[in-house]
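Trainee: Just so it is clear, I am handing over my_file.txt, which has compact mmCIF, C-alpha atoms.
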# COMPACT_ATOMS: atom_id res chain seq x y z
CA MET A 1 7.79 3.54 23.58
CA ASP A 2 8.44 6.38 26.09
CA SER A 3 11.88 7.70 26.90
CA GLN A 4 12.03 5.91 30.27
CA THR A 5 11.56 2.53 28.61
CA VAL A 6 14.14 3.45 26.01
CA ALA A 7 16.66 4.34 28.70
CA ALA A 8 15.94 1.14 30.64
CA ARG A 9 16.43 -1.02 27.59
CA HIS A 10 19.64 0.81 26.72
CA GLN A 11 21.04 0.00 30.21
CA ASP A 12 20.09 -3.62 29.66
CA GLU A 13 21.91 -3.74 26.39
CA ILE A 14 25.09 -2.18 27.77
CA ALA A 15 25.04 -4.80 30.52
CA HIS A 16 24.71 -7.61 27.99
CA HIS A 17 26.96 -5.97 25.48
CA GLU A 18 30.05 -8.12 25.82
CA GLY A 19 28.28 -11.47 25.72
CA GLU A 20 25.94 -10.71 22.85
CA HIS A 21 28.08 -9.06 20.24
CA PRO A 22 29.64 -11.86 18.23
CA TYR A 23 31.76 -11.06 15.19
CA TYR A 24 28.95 -11.84 12.76
CA LEU A 25 26.49 -9.32 14.24
CA ARG A 26 26.37 -6.34 11.89
CA HIS A 27 26.14 -2.96 13.58
CA HIS A 28 22.88 -1.91 11.99
CA PHE A 29 21.14 -4.69 13.94
CA GLU A 30 20.51 -4.51 17.67
CA THR A 31 20.52 -8.24 18.41
CA VAL A 32 21.56 -11.48 16.76
CA GLU A 33 17.91 -12.53 16.85
CA GLN A 34 16.86 -9.45 14.87
CA GLN A 35 19.61 -10.04 12.30
CA LYS A 36 18.60 -13.67 11.84
CA GLU A 37 14.99 -12.65 11.32
CA ALA A 38 15.92 -9.98 8.76
CA VAL A 39 18.23 -12.33 6.84
CA SER A 40 15.58 -15.05 6.81
CA PHE A 41 12.94 -12.58 5.60
CA GLY A 42 15.22 -11.46 2.79
CA MET A 43 15.86 -15.06 1.75
CA TRP A 44 12.13 -15.78 1.65
CA LEU A 45 11.58 -12.71 -0.54
CA PHE A 46 14.15 -14.10 -2.97
CA LEU A 47 12.34 -17.45 -2.95
CA LEU A 48 9.13 -15.59 -3.80
CA THR A 49 10.78 -14.21 -6.91
CA GLU A 50 11.81 -17.77 -7.76
CA ILE A 51 8.18 -18.91 -7.35
CA MET A 52 7.13 -16.34 -9.93
CA PHE A 53 10.05 -17.33 -12.15
CA PHE A 54 9.03 -20.98 -12.28
CA GLY A 55 5.38 -19.93 -12.16
CA GLY A 56 5.58 -18.63 -15.69
CA LEU A 57 6.73 -22.01 -16.97
CA PHE A 58 4.03 -23.81 -14.98
CA MET A 59 1.44 -21.47 -16.50
CA ALA A 60 2.65 -22.30 -20.01
CA TYR A 61 2.48 -26.00 -19.15
CA LEU A 62 -1.05 -25.63 -17.80
CA LEU A 63 -2.22 -23.97 -20.99
CA TYR A 64 -0.65 -26.30 -23.54
CA ARG A 65 -1.55 -29.43 -21.65
CA ASN A 66 -5.17 -28.30 -21.86
CA TRP A 67 -4.96 -27.47 -25.55
CA TYR A 68 -2.98 -30.51 -26.75
CA TYR A 69 -3.79 -33.13 -24.11
CA ASP A 70 -3.35 -36.19 -26.36
CA ALA A 71 0.09 -35.09 -27.49
CA PHE A 72 1.07 -34.44 -23.88
CA VAL A 73 -0.08 -37.92 -22.81
CA SER A 74 1.88 -39.66 -25.57
CA ALA A 75 4.97 -37.55 -24.99
CA SER A 76 4.86 -38.01 -21.22
CA ASN A 77 4.70 -41.79 -21.64
CA THR A 78 8.09 -41.74 -23.36
CA LEU A 79 9.72 -40.57 -20.11
CA GLY A 80 11.21 -43.26 -17.90
CA ILE A 81 9.05 -43.48 -14.78
CA GLY A 82 11.66 -45.54 -12.91
CA LEU A 83 14.33 -42.89 -13.37
CA GLY A 84 11.87 -40.12 -12.55
CA THR A 85 10.67 -41.70 -9.31
CA THR A 86 14.26 -42.49 -8.31
CA ASN A 87 15.23 -38.86 -8.90
CA THR A 88 12.32 -37.70 -6.77
CA ALA A 89 13.40 -39.96 -3.93
CA VAL A 90 17.03 -38.79 -4.33
CA LEU A 91 16.02 -35.15 -3.99
CA ILE A 92 13.77 -35.81 -1.00
CA VAL A 93 16.59 -37.59 0.82
CA SER A 94 18.93 -34.72 -0.08
CA SER A 95 16.43 -32.34 1.53
CA PHE A 96 16.61 -34.53 4.63
CA THR A 97 20.42 -34.44 4.69
CA MET A 98 20.31 -30.66 4.25
CA ALA A 99 17.86 -30.33 7.16
CA MET A 100 20.21 -32.50 9.21
CA GLY A 101 22.97 -30.07 8.24
CA VAL A 102 20.95 -27.21 9.72
CA TYR A 103 20.48 -29.27 12.88
CA CYS A 104 24.21 -29.99 13.13
CA SER A 105 24.98 -26.30 12.66
CA GLU A 106 22.59 -25.41 15.48
CA MET A 107 24.08 -28.12 17.72
CA ARG A 108 27.62 -26.93 16.88
CA ASN A 109 28.52 -30.36 15.49
CA ARG A 110 31.26 -29.64 12.94
CA ARG A 111 31.79 -33.20 11.70
CA GLY A 112 28.06 -33.83 11.47
CA LEU A 113 27.59 -30.67 9.45
CA MET A 114 30.38 -31.63 7.06
CA LEU A 115 28.93 -35.10 6.58
CA SER A 116 25.46 -33.67 5.96
CA LEU A 117 26.73 -31.17 3.39
CA ALA A 118 28.82 -33.85 1.67
CA ALA A 119 25.81 -36.19 1.52
CA THR A 120 23.68 -33.40 0.04
CA ILE A 121 26.33 -32.73 -2.61
CA LEU A 122 26.53 -36.44 -3.44
CA LEU A 123 22.77 -36.83 -3.79
CA GLY A 124 22.59 -33.69 -5.91
CA LEU A 125 25.22 -35.09 -8.25
CA VAL A 126 23.34 -38.41 -8.45
CA PHE A 127 20.23 -36.46 -9.45
CA LEU A 128 22.13 -34.62 -12.19
CA GLY A 129 23.68 -37.87 -13.39
CA ILE A 130 20.27 -39.50 -13.80
CA LYS A 131 19.04 -36.35 -15.57
CA THR A 132 21.94 -36.64 -18.01
CA ILE A 133 20.95 -40.22 -18.81
CA GLU A 134 17.36 -39.12 -19.39
CA TYR A 135 18.40 -36.25 -21.66
CA HIS A 136 20.61 -38.61 -23.65
CA ASP A 137 17.67 -40.99 -24.09
CA LYS A 138 15.59 -38.15 -25.48
CA TYR A 139 18.39 -37.35 -27.89
CA THR A 140 18.70 -40.88 -29.23
CA GLU A 141 14.94 -41.24 -29.55
CA HIS A 142 14.66 -38.04 -31.61
CA HIS A 143 12.41 -36.38 -29.09
CA ILE A 144 14.33 -33.13 -28.74
CA PRO A 145 12.17 -30.41 -30.32
CA GLY A 146 13.58 -28.79 -33.42
CA ALA A 147 15.34 -30.08 -36.50
CA ASN A 148 16.03 -33.52 -35.04
CA PHE A 149 12.48 -34.18 -33.89
CA SER A 150 10.64 -37.13 -35.37
CA ILE A 151 6.88 -37.76 -35.09
CA GLU A 152 7.39 -41.42 -35.95
CA ASP A 153 6.99 -42.70 -32.35
CA PHE A 154 3.70 -40.85 -32.02
CA VAL A 155 2.13 -41.58 -35.40
CA HIS A 156 3.18 -45.25 -35.30
CA PRO A 157 3.59 -46.09 -31.61
CA ALA A 158 5.55 -49.22 -30.80
CA ASP A 159 3.46 -50.00 -27.70
CA LYS A 160 0.02 -51.32 -28.72
CA ARG A 161 -1.64 -49.61 -25.75
CA ASP A 162 -0.58 -46.18 -27.04
CA THR A 163 -3.08 -44.35 -29.21
CA ALA A 164 -1.66 -43.27 -32.56
CA LEU A 165 -1.76 -39.50 -33.04
CA ALA A 166 -2.61 -37.61 -36.20
CA PRO A 167 0.49 -35.94 -37.67
CA ASP A 168 -0.50 -32.40 -36.65
CA MET A 169 -1.24 -33.45 -33.06
CA ALA A 170 2.01 -35.46 -33.07
CA GLN A 171 3.89 -32.25 -33.91
CA HIS A 172 2.46 -30.72 -30.74
CA ALA A 173 4.45 -33.27 -28.77
CA GLN A 174 7.36 -30.91 -29.45
CA ILE A 175 5.67 -28.39 -27.16
CA PHE A 176 5.66 -30.95 -24.34
CA PHE A 177 9.33 -31.70 -24.85
CA PHE A 178 10.16 -28.02 -25.09
CA LEU A 179 8.50 -27.48 -21.72
CA TYR A 180 10.16 -30.65 -20.40
CA PHE A 181 13.65 -29.39 -21.28
CA ALA A 182 12.90 -25.81 -20.25
CA MET A 183 11.49 -26.74 -16.83
CA THR A 184 13.85 -29.56 -15.91
CA GLY A 185 16.75 -27.67 -17.46
CA MET A 186 16.05 -24.56 -15.41
CA HIS A 187 15.63 -26.79 -12.37
CA ALA A 188 18.94 -28.52 -13.13
CA LEU A 189 20.63 -25.12 -13.45
CA HIS A 190 19.37 -24.31 -9.96
CA MET A 191 20.78 -27.65 -8.79
CA VAL A 192 24.18 -26.86 -10.32
CA ILE A 193 24.25 -23.45 -8.63
CA GLY A 194 23.21 -25.05 -5.34
CA ILE A 195 25.85 -27.78 -5.53
CA SER A 196 28.54 -25.21 -6.37
CA ILE A 197 27.59 -23.17 -3.31
CA LEU A 198 27.54 -26.37 -1.25
CA PHE A 199 31.20 -27.01 -2.08
CA GLY A 200 32.01 -23.56 -0.75
CA LEU A 201 29.91 -24.16 2.36
CA LEU A 202 31.61 -27.51 2.95
CA TYR A 203 35.02 -25.83 2.85
CA GLN A 204 33.96 -23.06 5.24
CA ALA A 205 32.24 -25.61 7.51
CA SER A 206 35.49 -27.55 7.75
CA LYS A 207 37.04 -24.43 9.28
CA GLY A 208 34.26 -24.21 11.86
CA ALA A 209 32.58 -21.15 10.34
CA TYR A 210 29.03 -22.42 10.90
CA THR A 211 29.36 -24.28 14.19
CA ASN A 212 30.15 -21.31 16.42
CA GLY A 213 26.62 -19.90 16.68
CA HIS A 214 26.51 -18.41 13.19
CA THR A 215 23.82 -20.65 11.74
CA SER A 216 22.20 -18.15 9.35
CA ILE A 217 24.10 -19.09 6.22
CA ILE A 218 23.41 -22.82 6.51
CA ASP A 219 19.79 -22.04 7.51
CA ASN A 220 19.13 -19.88 4.48
CA PHE A 221 20.96 -22.09 2.00
CA GLY A 222 18.74 -24.84 3.35
CA LEU A 223 15.72 -22.74 2.39
CA TYR A 224 17.06 -22.51 -1.18
CA TRP A 225 17.72 -26.24 -1.38
CA HIS A 226 14.26 -27.13 -0.06
CA PHE A 227 12.70 -24.75 -2.57
CA VAL A 228 14.49 -26.50 -5.45
CA ASP A 229 13.18 -29.78 -4.01
CA ILE A 230 9.62 -28.42 -3.95
CA VAL A 231 9.87 -27.37 -7.61
CA TRP A 232 10.81 -30.93 -8.51
CA ILE A 233 7.99 -32.30 -6.32
CA PHE A 234 5.62 -30.52 -8.70
CA LEU A 235 7.57 -31.15 -11.90
CA PHE A 236 7.57 -34.92 -11.38
CA PRO A 237 3.80 -35.60 -11.47
CA LEU A 238 3.16 -32.96 -14.12
CA LEU A 239 5.77 -34.25 -16.55
CA TYR A 240 6.01 -37.98 -15.79
CA LEU A 241 2.59 -39.02 -14.50
CA ILE A 242 0.07 -37.54 -16.92
CA SER A 243 -1.75 -40.73 -17.83
CA ARG A 244 0.20 -43.92 -17.44
CA HIS A 245 -1.26 -47.14 -18.81
CA PRO A 246 -3.08 -49.18 -16.16
CA LEU A 247 -1.18 -52.36 -15.39
CA HIS A 248 -3.08 -55.44 -16.44
CA MET B 1 -0.25 2.69 29.19
CA SER B 2 -0.16 -0.69 27.53
CA HIS B 3 1.18 -1.28 24.10
CA PRO B 4 0.97 -4.41 22.00
CA THR B 5 4.12 -6.45 22.43
CA LEU B 6 5.84 -8.06 19.54
CA GLU B 7 6.83 -11.07 21.65
CA ASP B 8 4.10 -13.34 20.33
CA ALA B 9 5.01 -12.50 16.74
CA HIS B 10 8.58 -13.73 17.23
CA ALA B 11 9.86 -17.12 16.20
CA GLU B 12 9.93 -19.80 18.86
CA PRO B 13 13.57 -20.58 19.70
CA HIS B 14 12.96 -24.14 18.70
CA ILE B 15 15.47 -26.59 17.28
CA VAL B 16 13.82 -29.24 15.12
CA GLY B 17 15.41 -32.61 15.84
CA PRO B 18 16.43 -35.61 13.71
CA LYS B 19 13.38 -37.60 14.80
CA THR B 20 10.99 -35.06 13.32
CA TYR B 21 13.08 -34.82 10.17
CA GLY B 22 13.13 -38.62 9.90
CA LEU B 23 9.36 -38.87 10.20
CA ILE B 24 8.84 -36.21 7.55
CA LEU B 25 11.33 -37.97 5.27
CA LEU B 26 9.38 -41.20 5.65
CA ALA B 27 6.09 -39.45 4.93
CA LEU B 28 7.53 -37.80 1.83
CA LEU B 29 8.90 -41.08 0.45
CA CYS B 30 5.56 -42.83 1.08
CA LEU B 31 3.69 -40.03 -0.69
CA THR B 32 6.10 -40.33 -3.63
CA ALA B 33 5.40 -44.04 -3.91
CA LEU B 34 1.68 -43.28 -3.62
CA THR B 35 1.67 -40.69 -6.38
CA THR B 36 3.59 -42.98 -8.74
CA GLY B 37 1.29 -45.91 -7.96
CA ILE B 38 -1.92 -43.93 -8.36
CA ALA B 39 -0.75 -42.73 -11.78
CA TYR B 40 -1.43 -46.24 -13.07
CA ILE B 41 -5.06 -46.16 -11.92
CA ASN B 42 -7.47 -44.49 -14.31
CA LEU B 43 -9.25 -41.84 -12.26
CA GLY B 44 -10.46 -39.92 -15.29
CA VAL B 45 -10.74 -36.22 -14.66
CA PHE B 46 -9.59 -36.64 -11.04
CA SER B 47 -6.11 -37.90 -11.96
CA PRO B 48 -4.44 -34.49 -12.18
CA ILE B 49 -6.37 -33.29 -9.12
CA VAL B 50 -5.12 -36.21 -7.02
CA ALA B 51 -1.57 -35.83 -8.36
CA ILE B 52 -1.43 -32.11 -7.60
CA GLY B 53 -3.15 -32.73 -4.26
CA ILE B 54 -0.44 -35.17 -3.18
CA ALA B 55 2.24 -32.75 -4.42
CA VAL B 56 0.68 -29.97 -2.35
CA ILE B 57 0.75 -32.18 0.77
CA LYS B 58 4.45 -32.96 0.16
CA MET B 59 5.18 -29.28 -0.37
CA THR B 60 3.36 -28.39 2.86
CA LEU B 61 5.42 -30.90 4.83
CA VAL B 62 8.67 -29.55 3.39
CA ILE B 63 7.69 -25.93 4.04
CA LEU B 64 6.41 -26.44 7.59
CA PHE B 65 9.13 -28.76 8.89
CA PHE B 66 12.23 -28.77 6.68
CA MET B 67 12.01 -25.01 6.14
CA HIS B 68 10.96 -24.41 9.77
CA VAL B 69 7.98 -22.22 8.88
CA LYS B 70 5.89 -23.94 11.56
CA TYR B 71 8.28 -22.50 14.14
CA SER B 72 8.81 -19.16 12.45
CA SER B 73 7.53 -15.66 13.16
CA ARG B 74 4.28 -14.35 11.74
CA LEU B 75 6.28 -12.20 9.35
CA VAL B 76 7.77 -15.27 7.68
CA MET B 77 4.41 -17.05 7.59
CA LEU B 78 2.86 -13.97 5.98
CA THR B 79 5.67 -13.84 3.43
CA VAL B 80 5.10 -17.47 2.42
CA ALA B 81 1.36 -16.82 2.11
CA ALA B 82 2.08 -13.76 -0.02
CA GLY B 83 4.14 -15.95 -2.35
CA PHE B 84 1.24 -18.33 -2.89
CA PHE B 85 -1.16 -15.47 -3.38
CA THR B 86 1.00 -13.85 -6.05
CA PHE B 87 1.39 -17.18 -7.83
CA LEU B 88 -2.39 -17.62 -7.81
CA VAL B 89 -2.77 -14.14 -9.28
CA LEU B 90 -0.37 -15.14 -12.07
CA ILE B 91 -2.36 -18.28 -12.89
CA THR B 92 -5.90 -16.89 -12.61
CA MET B 93 -5.26 -13.64 -14.47
CA THR B 94 -3.45 -15.40 -17.32
CA LEU B 95 -6.10 -18.11 -17.57
CA SER B 96 -8.94 -15.58 -17.51
CA ASP B 97 -7.24 -13.80 -20.37
CA TYR B 98 -6.99 -16.96 -22.47
CA ILE B 99 -10.44 -18.26 -21.60
CA SER B 100 -12.12 -14.97 -22.51
CA ARG B 101 -10.76 -15.02 -26.05
CA ALA B 102 -12.50 -17.29 -28.54
CA TRP B 103 -9.51 -18.44 -30.58
CA GLY B 104 -11.22 -21.71 -31.37
CA LEU B 105 -9.27 -23.76 -28.86
CA TRP B 106 -11.55 -23.03 -25.91
Translate the structure of the given file into structure tokens.
Mentor:
Amino acid sequence: MDSQTVAARHQDEIAHHEGEHPYYLRHHFETVEQQKEAVSFGMWLFLLTEIMFFGGLFMAYLLYRNWYYDAFVSASNTLGIGLGTTNTAVLIVSSFTMAMGVYCSEMRNRRGLMLSLAATILLGLVFLGIKTIEYHDKYTEHHIPGANFSIEDFVHPADKRDTALAPDMAQHAQIFFFLYFAMTGMHALHMVIGISILFGLLYQASKGAYTNGHTSIIDNFGLYWHFVDIVWIFLFPLLYLISRHPLH
Amino acid sequence: MSHPTLEDAHAEPHIVGPKTYGLILLALLCLTALTTGIAYINLGVFSPIVAIGIAVIKMTLVILFFMHVKYSSRLVMLTVAAGFFTFLVLITMTLSDYISRAWGLW
């Protein structure tokens, strides 16, 4: 860019200076647009690190499911498919309410934004509640890997359609449950962090902090929330839908 | 003297509306029902492929529309692609390591 163009653009910016320098524009950025782009880029880079973080667990799952497929099938069938599908739907709707929150922030609709954030919080809590029920079921059924684990359900299955496993393969069911608790537990931790931040966002939103043109924070939290949703979108079929018995 | 402008690489100033979000929500819920239903059909070796395939479609819808990537700059699109690429590197390199060692399980 030659010096004449630089000078011309500088004049332009002085002319627009008053209207385009809101309080949230940091001085190392020239325009609000540039700042939004940089913040969004940074958020995506963080999400990339999260992909690699969960990627390790998915890799472990891929490997052990291949090695101990029968144990994985039997173990997966002990998970409640009704609760799992419900949780998936709950998270998808919460992604919708979060997207609506972004829309309300862009349209400067304070009440709409507050309602959207509150709905997202509520759905997130419903998800965690259902997860708690599922974890408790695993506890009572002695499926938590470790000292309390029992191979009884796998060596002598109650359901006639289940194939009985040999004791050593039945022990490998512990690996499935370890991955189940590790992956859904790490996912639930991300949900807890997200819901905690949402409470803070709801409070700030009530004071009009995100309906005055400053949409970045709601935008980028939305990215985080959708990412957590995507992780569950993959967790659900991998953990719950390995090989369900055909209905007939 | 002409220089390449960065205008076309910028994000479209585009606000995604409730109607679009509603349609995507509907599609995602239908795909969820589909993936649960198909799990009860014995597709043999194609079962995991179909399940992951449906999950990938759901993920694509969320990324493009809920996360606005469809209306984002090329930089953001490139960043998302880089994420997938790095994940694929993780999977393929680890698998190639395991597959190339004859520990009796493969």
Trainee: In file coordinates, which residues lie within 12 Å of (19.3, -31.1, 7.6) using only C-alpha atoms, given as a CSV table (one decimal) with C-alpha atoms, keeping the file's coordinate frame?
Mentor:
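The resulting result_35.csv:
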chain,number,residue,atom,x,y,z
A,92,ILE,CA,13.8,-35.8,-1.0
A,93,VAL,CA,16.6,-37.6,0.8
A,94,SER,CA,18.9,-34.7,-0.1
A,95,SER,CA,16.4,-32.3,1.5
A,96,PHE,CA,16.6,-34.5,4.6
A,97,THR,CA,20.4,-34.4,4.7
A,98,MET,CA,20.3,-30.7,4.2
A,99,ALA,CA,17.9,-30.3,7.2
A,100,MET,CA,20.2,-32.5,9.2
A,101,GLY,CA,23.0,-30.1,8.2
A,102,VAL,CA,21.0,-27.2,9.7
A,103,TYR,CA,20.5,-29.3,12.9
A,104,CYS,CA,24.2,-30.0,13.1
A,105,SER,CA,25.0,-26.3,12.7
A,106,GLU,CA,22.6,-25.4,15.5
A,107,MET,CA,24.1,-28.1,17.7
A,112,GLY,CA,28.1,-33.8,11.5
A,113,LEU,CA,27.6,-30.7,9.4
A,114,MET,CA,30.4,-31.6,7.1
A,115,LEU,CA,28.9,-35.1,6.6
A,116,SER,CA,25.5,-33.7,6.0
A,117,LEU,CA,26.7,-31.2,3.4
A,118,ALA,CA,28.8,-33.8,1.7
A,119,ALA,CA,25.8,-36.2,1.5
A,120,THR,CA,23.7,-33.4,0.0
A,218,ILE,CA,23.4,-22.8,6.5
A,219,ASP,CA,19.8,-22.0,7.5
A,220,ASN,CA,19.1,-19.9,4.5
A,221,PHE,CA,21.0,-22.1,2.0
A,222,GLY,CA,18.7,-24.8,3.4
A,223,LEU,CA,15.7,-22.7,2.4
A,225,TRP,CA,17.7,-26.2,-1.4
A,226,HIS,CA,14.3,-27.1,-0.1
B,15,ILE,CA,15.5,-26.6,17.3
B,16,VAL,CA,13.8,-29.2,15.1
B,17,GLY,CA,15.4,-32.6,15.8
B,18,PRO,CA,16.4,-35.6,13.7
B,19,LYS,CA,13.4,-37.6,14.8
B,20,THR,CA,11.0,-35.1,13.3
B,21,TYR,CA,13.1,-34.8,10.2
B,22,GLY,CA,13.1,-38.6,9.9
B,24,ILE,CA,8.8,-36.2,7.6
B,25,LEU,CA,11.3,-38.0,5.3
B,62,VAL,CA,8.7,-29.6,3.4
B,65,PHE,CA,9.1,-28.8,8.9
B,66,PHE,CA,12.2,-28.8,6.7
B,67,MET,CA,12.0,-25.0,6.1
B,68,HIS,CA,11.0,-24.4,9.8
Trainee: Have a look at CA of Ser47 (chain B) and CA of Leu241 (chain A) and let me know their distance in Å, one decimal.
Mentor: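 For CA of Ser47 (chain B) relative to CA of Leu241 (chain A), the distance reads 9.1 Å.
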Trainee: Counting only C-alpha atoms, find the residues whose atoms lie at most 8 Å from (7.7, -24.5, 0.2) (file coordinates) and write them out as a compact mmCIF listing (two decimals) with C-alpha atoms, in the coordinates of the input.
Mentor:
# COMPACT_ATOMS: atom_id res chain seq x y z
CA HIS A 226 14.26 -27.13 -0.06
CA PHE A 227 12.70 -24.75 -2.57
CA ILE A 230 9.62 -28.42 -3.95
CA MET B 59 5.18 -29.28 -0.37
CA THR B 60 3.36 -28.39 2.86
CA VAL B 62 8.67 -29.55 3.39
CA ILE B 63 7.69 -25.93 4.04
CA LEU B 64 6.41 -26.44 7.59
CA MET B 67 12.01 -25.01 6.14
CA VAL B 80 5.10 -17.47 2.42
Trainee: Any idea what the distance is between CA of Ile52 (chain B) and CA of Leu28 (chain B)?
Mentor: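 Interatomic distance here is 14.2 Å.
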Trainee: Please report the interatomic distance between CA of Gly56 (chain A) and CA of Met183 (chain A) in Å with one decimal.
Mentor: 10.1 Å
Trainee: Please determine, counting all atoms listed in the file, which residue among A:Leu63, A:Ile233, A:Leu91, A:Met43 has the shortest atom-to-atom distance to Thr92 (chain B).
Mentor: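 So, comparing all the options, the nearest one is A:Leu63.
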